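Taking it in order: structure first as structure tokens, then the write-up.
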Amino acid sequence: MEIIGLPLTRICNREYNDPRQRQLFKNVIYVGALAALLDIDMGVITELVGDQFKGKEKLVAPNIHALELGHQYTLENFDCPLSIRVEHRDLVGDRILIDGNSAIGLGAIYGGATLAAWYPITPSTSVVDAFEKYCKRLRIDPGSGRKNYAIVQAEDELAAIGMVIGASWNGARAFTATSGPGISLMSEFLGLAYFAEIPTVVMDVQRAGPSTGMPTRTQQSDVLSSAYASHGDTKHVLLFPSTPRECFDMAADAFDLAERLQTPIILMSDLDLGMNDNMSEPLHWDDDREYDRGKVLSAEDLDDMEEFGRYLDVDKDAICYRTYPGTHPTKGAFLTRGSSHDEYATYTESGEAYERNMHRLMAKWETAKQYVPGPIMTPAARETGYGVIFFGTSEASSLEALDYLAEEGIAIDAMRVRAFPFNDEVEQFIDAHERTFVIEQNRDSQLRTLLMAEFEFGPDKLKSVLCFDGTPISARNIRKQILKKIPGSNVTPLRRETARLSSGEGS
Amino acid sequence: MSYINPTFRHPELAVNDLGYTKADYEGSLSTLCAGCGHDSISGAIVKAVHEMSIEPHKIAKISGIGCSSKTPNYFLGKSHGFNSVHGRMPSVATGANMANRDLIYLAVSGDGDTASIGLGQFTHAIRRNLNMVYIVMNNGCYGLTKGQDSATADEGSRSKKGDPNPFTAIDLCATALQIGAGFVARSFSGDREQLVPLIKAAITHQGFALIDVISPCVTFNNTEASTKSYEFVRAHSEATGTLDFVPMRQEITASYHPGTSNEVTMHDGSVIHLHKLTEGLDPFDRASAMNVIEQHRQQGQILTGLIFMDRDSRDLHEALDTVTRPLNQLGPEDLCPGSKVLENINASLR
């Protein structure tokens, strides 16, 4: 290690009289020095200064002057460049740099959302910020100059999701964006949307819980509370994006899915993906794509029908036909309710009618499997009894860890789960492997619990690889934990280890 | 209440301009207790909407949870309805209204649903001036759970439970006025003459319209020592004045003495006449309305009728500057910017 001393204070004091300037320009002089030492193209840096002070053009010249000051001083006083240097590269191809929340905001616009109702919460706030920013450019009615969208900042998360449900009931595409504490508050309404079968889109950008937790740190710890949100028997469709491109796609898809399945769809991003700029495949939209508005009856449909029942399973796929308020003067009206109802939306306390309805909702859950995005497989180079399952932002580090392990002779098949309910392929994958590691960023192995609950696998089939310190899971961490759990390495699982240590039996 | 559905209708039932009889605006049979004030309010809603010749499907009924919130099942059976969750009706109404500004949002709630669990959403719907009619069926108690005092029960009032209520009451009209509601009225379920024109005026008002209707609970809160009993309300209410509602394009037939009547032309061209007003009340002046409510409260009187109206009300859609076409009628051509625009966005992110 070589230490290079740069007299920043002295340069500043010589150049500037104003004490504030002496302080402020130190950093910029340092950047200029670094450019000289590492042979960074000064043209690029000068251009960036221009970008940074756009709108405050007065500041551009003094900053460039400071840059050059540092650059010049270093060239004159040191051997430049050093043995390490920066070179121009262009290996990113057509990829873009964007944060997941902006991609979700854009996805909502492309997906046709007209109402965003939300309550500010870190780390999801920039979803609605992005929605608004792009709406101001893309959603102004050319004739009147008025808005083809509405954004309502609600008084709390309960109201936010209530607005989404009211708008969706009335035939508009609406969404809310929130984080873990918001999911807790929205649970009651999520149960209503599940039971009354109202399309509802929630963008959940997860942070470290429980309670206030670490609001500025990342986790994947809302999995269980979202999957089973609300009292009674409920299950909600979850989508797990792992890149900004997928944030965009899944945000747009969420509206189609919600209307097709008439149920809440919760997009499960996280702080790491949502708030940081990520390298991503470019966003893509197919102009031939049509919105799937699901089963909605028009006035003509109602006139041609003999009988309308809001919860009649006409097509035997457990998805029923709905009508928007205001459709027909005399037909198709019904009272939406969270209380037990029969096929005609009439209140009932009949246990039989209640069970029939609950069974249909389970059948609809099966139907949902055909619509949600399937898992993505990355098979090992050779046949193996080991598998890993991961989701969301664990993807990059998981694949990197598997590369390291492959180099060490350990072959593992990989599957990235992209949605709940799990498709049949997920069950087959676990069945086909002697042992499957489930990589996730929470303490309680929430995805593993969900897999066990849905498929009734025994705990021995699935082993956890966890990281929940609020930082994104690293490849090194995953590799280390998998190595420990390969039989023969004689190490107990993390949870038992933690319990023993905390009860004072530390080894 | 009778549980036998009457199929016989008088052959000469009056039809409105659309050719509908009142029966076309009725709902299922009520399962509330016989004599419940809420059923009278349902009746007043049916009468008002029928007389206004509104097509039933142009109305969306929204409610929360409680005895009151069950009533959308008992009126306007040809309208869509949404019986939502406890205290959260205003947010559902807000979303619904955002999606389709062309419908009339007729919401009913109770004193528990509004003044306790839903106080937050109630006030914020007012703050946003959501274009809706918000009827509170106010009986001062929780009927479904057997008569606990609610937050609108007056201090000292005694329900069937027997103990005097030790807490001060939340006056929903005063609260609404303070927050900025543009239409504030109070009425009594036993006074259909007053209630029907108030409902009509509230429907035509462009913005949030509150009607707090004292509606006695015959089972739990119609006792001698209750201030929400039929007897007490009859003996202690004082009307602000009389309100006549004249629908759009209809000739005004009544004659009023000059200086005693206020005429207001509503958003849709209907006209309301206010006359014989309470001394000291200027219904277009918020401070005067607040004063008069407080004076009556101090004298143990219940002030009913139209208390305040803002003639320049701007609703939430105007505040947000949304298009005049309902948002739920916009198609992909209005909503989806297409692949070219996305390619440009991509290019800006490289």
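Residue numbers start at 1 in each chain; chains themselves are named A, B, ... in the order of the structure tokens; ligands are numbered from 1 in the order shown.
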
For Arg127 of chain B, work out the shell of residues within 10 Å, counting only C-alpha atoms and skipping chain neighbours fewer than 3 positions away, then give it as a ChimeraX atom specification. /B:121-124,130,176,179-182,208,316

Near-Cys173 of chain B list (8 Å; only C-alpha atoms; drop same-chain fewer than 6 positions) as a ChimeraX atom specification: /B:184-186,210,212

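You can rank A:Ile64, A:Asp141, A:Ser280, A:Thr393 by their closest distance to Thr471 of chain A using only C-alpha atoms, and at the top of that list sits A:Thr393.
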
Quick one: DSSP helix (DSSP H, G or I) residues in segment 132-299 of chain B, as a ChimeraX atom specification? /B:172-179,192-204,230-236,286-298

Tell me which protein, DNA and RNA residues are within 10 Å of segment 379-384 of chain A, counting only C-alpha atoms, leaving out same-chain ones fewer than 5 positions away, and put them as a PDB file with N, CA and C atoms, in the first residue's frame.
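Full text of selection-v9.pdb as output:
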```pdb
ATOM      1  N   LEU A 402     -23.151 -19.844  -6.422  1.00  0.00           N
ATOM      2  CA  LEU A 402     -23.184 -21.163  -7.064  1.00  0.00           C
ATOM      3  C   LEU A 402     -21.988 -21.352  -8.001  1.00  0.00           C
ATOM      4  N   ASP A 403     -21.547 -20.247  -8.626  1.00  0.00           N
ATOM      5  CA  ASP A 403     -20.340 -20.326  -9.469  1.00  0.00           C
ATOM      6  C   ASP A 403     -19.130 -20.710  -8.626  1.00  0.00           C
ATOM      7  N   ALA A 406     -19.416 -24.325  -7.623  1.00  0.00           N
ATOM      8  CA  ALA A 406     -19.155 -25.213  -8.763  1.00  0.00           C
ATOM      9  C   ALA A 406     -17.652 -25.375  -8.951  1.00  0.00           C
ATOM     10  N   ILE A 410     -18.906 -28.501  -6.113  1.00  0.00           N
ATOM     11  CA  ILE A 410     -20.257 -28.735  -5.585  1.00  0.00           C
ATOM     12  C   ILE A 410     -21.281 -28.233  -6.593  1.00  0.00           C
ATOM     13  N   ALA A 411     -22.015 -29.158  -7.176  1.00  0.00           N
ATOM     14  CA  ALA A 411     -22.999 -28.791  -8.201  1.00  0.00           C
ATOM     15  C   ALA A 411     -24.377 -28.607  -7.553  1.00  0.00           C
ATOM     16  N   ILE A 412     -25.022 -27.499  -7.857  1.00  0.00           N
ATOM     17  CA  ILE A 412     -26.346 -27.220  -7.291  1.00  0.00           C
ATOM     18  C   ILE A 412     -27.251 -26.634  -8.378  1.00  0.00           C
ATOM     19  N   ASP A 413     -28.438 -27.233  -8.524  1.00  0.00           N
ATOM     20  CA  ASP A 413     -29.432 -26.660  -9.441  1.00  0.00           C
ATOM     21  C   ASP A 413     -30.101 -25.470  -8.770  1.00  0.00           C
ATOM     22  N   ALA A 414     -30.414 -24.453  -9.568  1.00  0.00           N
ATOM     23  CA  ALA A 414     -31.015 -23.254  -8.973  1.00  0.00           C
ATOM     24  C   ALA A 414     -32.391 -22.975  -9.558  1.00  0.00           C
ATOM     25  N   MET A 415     -33.258 -22.471  -8.705  1.00  0.00           N
ATOM     26  CA  MET A 415     -34.582 -22.052  -9.155  1.00  0.00           C
ATOM     27  C   MET A 415     -34.914 -20.707  -8.511  1.00  0.00           C
ATOM     28  N   ALA A 432     -37.491 -33.392  -6.664  1.00  0.00           N
ATOM     29  CA  ALA A 432     -36.421 -33.999  -7.449  1.00  0.00           C
ATOM     30  C   ALA A 432     -35.055 -33.904  -6.763  1.00  0.00           C
ATOM     31  N   HIS A 433     -34.969 -33.117  -5.702  1.00  0.00           N
ATOM     32  CA  HIS A 433     -33.677 -32.955  -5.027  1.00  0.00           C
ATOM     33  C   HIS A 433     -33.736 -33.523  -3.613  1.00  0.00           C
ATOM     34  N   GLU A 434     -32.639 -34.111  -3.256  1.00  0.00           N
ATOM     35  CA  GLU A 434     -32.529 -34.689  -1.923  1.00  0.00           C
ATOM     36  C   GLU A 434     -32.611 -33.581  -0.872  1.00  0.00           C
ATOM     37  N   ARG A 435     -31.941 -32.485  -1.187  1.00  0.00           N
ATOM     38  CA  ARG A 435     -31.948 -31.354  -0.264  1.00  0.00           C
ATOM     39  C   ARG A 435     -31.979 -30.046  -1.046  1.00  0.00           C
TER      40      ARG A 435
END
```

Report as a list in words all protein, DNA and RNA residues lying within 8 Å of Thr9 of chain A, evaluated on only C-alpha atoms, omitting residues in the same chain fewer than 4 positions from it. Asn13, Arg22 and Lys26 of chain A

For those residues, write N, CA and C atoms to a file as a PDB file, in the first residue's frame.
```pdb
ATOM      1  N   ASN A  13      -6.510  27.178   0.771  1.00  0.00           N
ATOM      2  CA  ASN A  13      -6.222  28.446   1.467  1.00  0.00           C
ATOM      3  C   ASN A  13      -5.467  29.423   0.567  1.00  0.00           C
ATOM      4  N   ARG A  22     -13.219  27.793   0.870  1.00  0.00           N
ATOM      5  CA  ARG A  22     -12.073  26.963   1.273  1.00  0.00           C
ATOM      6  C   ARG A  22     -12.546  25.564   1.671  1.00  0.00           C
ATOM      7  N   LYS A  26     -12.694  21.725  -1.447  1.00  0.00           N
ATOM      8  CA  LYS A  26     -11.729  20.657  -1.132  1.00  0.00           C
ATOM      9  C   LYS A  26     -12.048  19.359  -1.878  1.00  0.00           C
TER      10      LYS A  26
END
```

My list of candidates is B:Ser313, B:Ser189, B:Gln298, B:Asn83. Which is closest to chain A when distances are computed with only C-alpha atoms? B:Asn83

Could you check which of B:Phe8, B:Phe82, B:Tyr230, B:Phe284 is closest to chain A, using only C-alpha atoms?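 Nearest candidate to chain A out of B:Phe8, B:Phe82, B:Tyr230, B:Phe284: B:Phe82.
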
Let's see if you can do this: from backbone DSSP, list all strand (DSSP E or B) residues in segment 102-149 of chain B, as a PyMOL selection string. chain B and resi 104-110+132-138+141-142+148-149

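Proximity to chain A was assessed for B:Leu106, B:Ile214, B:Val323, B:Leu76 counting only C-alpha atoms; the smallest distance is recorded for B:Val323.
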
Within 7 Å of Met268 of chain A, counting only C-alpha atoms, which residues qualify if same-chain residues fewer than 3 places away don't, as a list in words?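 Final neighbour list, sorted by chain and number: Met203, Asp204, Val205, Gln206, Leu238, Leu239, Phe240 and Pro241 of chain A.
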
Quick check, in Å to one decimal: how far apart do atom CA of Lys316 of chain A and atom CA of Gln370 of chain A lie? 14.5 Å

Spatial neighbours of Val465 of chain A, max dist 8 Å, only C-alpha atoms, sep filter under 6 positions, as a PyMOL selection string: chain A and resi 437-440+478+481-482

Would you put the residues from that selection into a file with N, CA and C atoms, as a CSV table (one decimal), in the first residue's frame?
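For reference, again.csv as written:
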```csv
chain,number,residue,atom,x,y,z
A,437,PHE,N,-31.7,-25.9,-0.6
A,437,PHE,CA,-31.4,-24.7,0.2
A,437,PHE,C,-32.4,-23.6,-0.2
A,438,VAL,N,-32.9,-22.9,0.8
A,438,VAL,CA,-33.8,-21.8,0.5
A,438,VAL,C,-33.1,-20.5,1.0
A,439,ILE,N,-32.7,-19.7,0.0
A,439,ILE,CA,-32.0,-18.5,0.3
A,439,ILE,C,-32.9,-17.3,0.5
A,440,GLU,N,-32.9,-16.7,1.6
A,440,GLU,CA,-33.7,-15.5,1.8
A,440,GLU,C,-33.2,-14.5,2.8
A,478,ILE,N,-23.5,-16.6,1.3
A,478,ILE,CA,-24.3,-17.8,0.8
A,478,ILE,C,-23.4,-19.0,0.7
A,481,GLN,N,-22.6,-20.4,4.1
A,481,GLN,CA,-23.7,-21.1,4.8
A,481,GLN,C,-24.0,-22.4,4.1
A,482,ILE,N,-23.9,-22.5,2.8
A,482,ILE,CA,-24.2,-23.7,2.1
A,482,ILE,C,-23.2,-24.8,2.4
```

Residues within 8 Å of Ala225 of chain B, only C-alpha atoms, excluding chain neighbours under 3 positions, as an mmCIF file with N, CA and C atoms, in the first residue's frame:
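Final output, result-v5.cif:
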```cif
data_model
loop_
_atom_site.group_PDB
_atom_site.id
_atom_site.type_symbol
_atom_site.label_atom_id
_atom_site.label_comp_id
_atom_site.auth_asym_id
_atom_site.auth_seq_id
_atom_site.Cartn_x
_atom_site.Cartn_y
_atom_site.Cartn_z
ATOM 1 N N SER B 157 -76.477 11.679 29.359
ATOM 2 C CA SER B 157 -77.566 10.910 28.758
ATOM 3 C C SER B 157 -77.486 9.458 29.233
ATOM 4 N N ARG B 158 -78.672 8.856 29.465
ATOM 5 C CA ARG B 158 -78.665 7.474 29.955
ATOM 6 C C ARG B 158 -79.401 6.564 28.982
ATOM 7 N N SER B 159 -78.734 5.543 28.535
ATOM 8 C CA SER B 159 -79.368 4.559 27.659
ATOM 9 C C SER B 159 -79.962 3.466 28.527
#
```

Nearest to Pro472 of chain A, chosen from A:Asp270, A:Asp431, A:Glu15, A:Glu68, with only C-alpha atoms counted in the distances: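 Among the listed residues, the smallest separation from Pro472 of chain A belongs to A:Asp270.
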
Straight-line distance linking atom CA of His86 of chain B with atom CA of Ile161 of chain A, stated in Å to one decimal: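 Those two atoms sit 14.0 Å apart.
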
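Pairwise distance (atom CA of Leu224 of chain A, atom CA of Asp99 of chain A) equals 25.1 Å.
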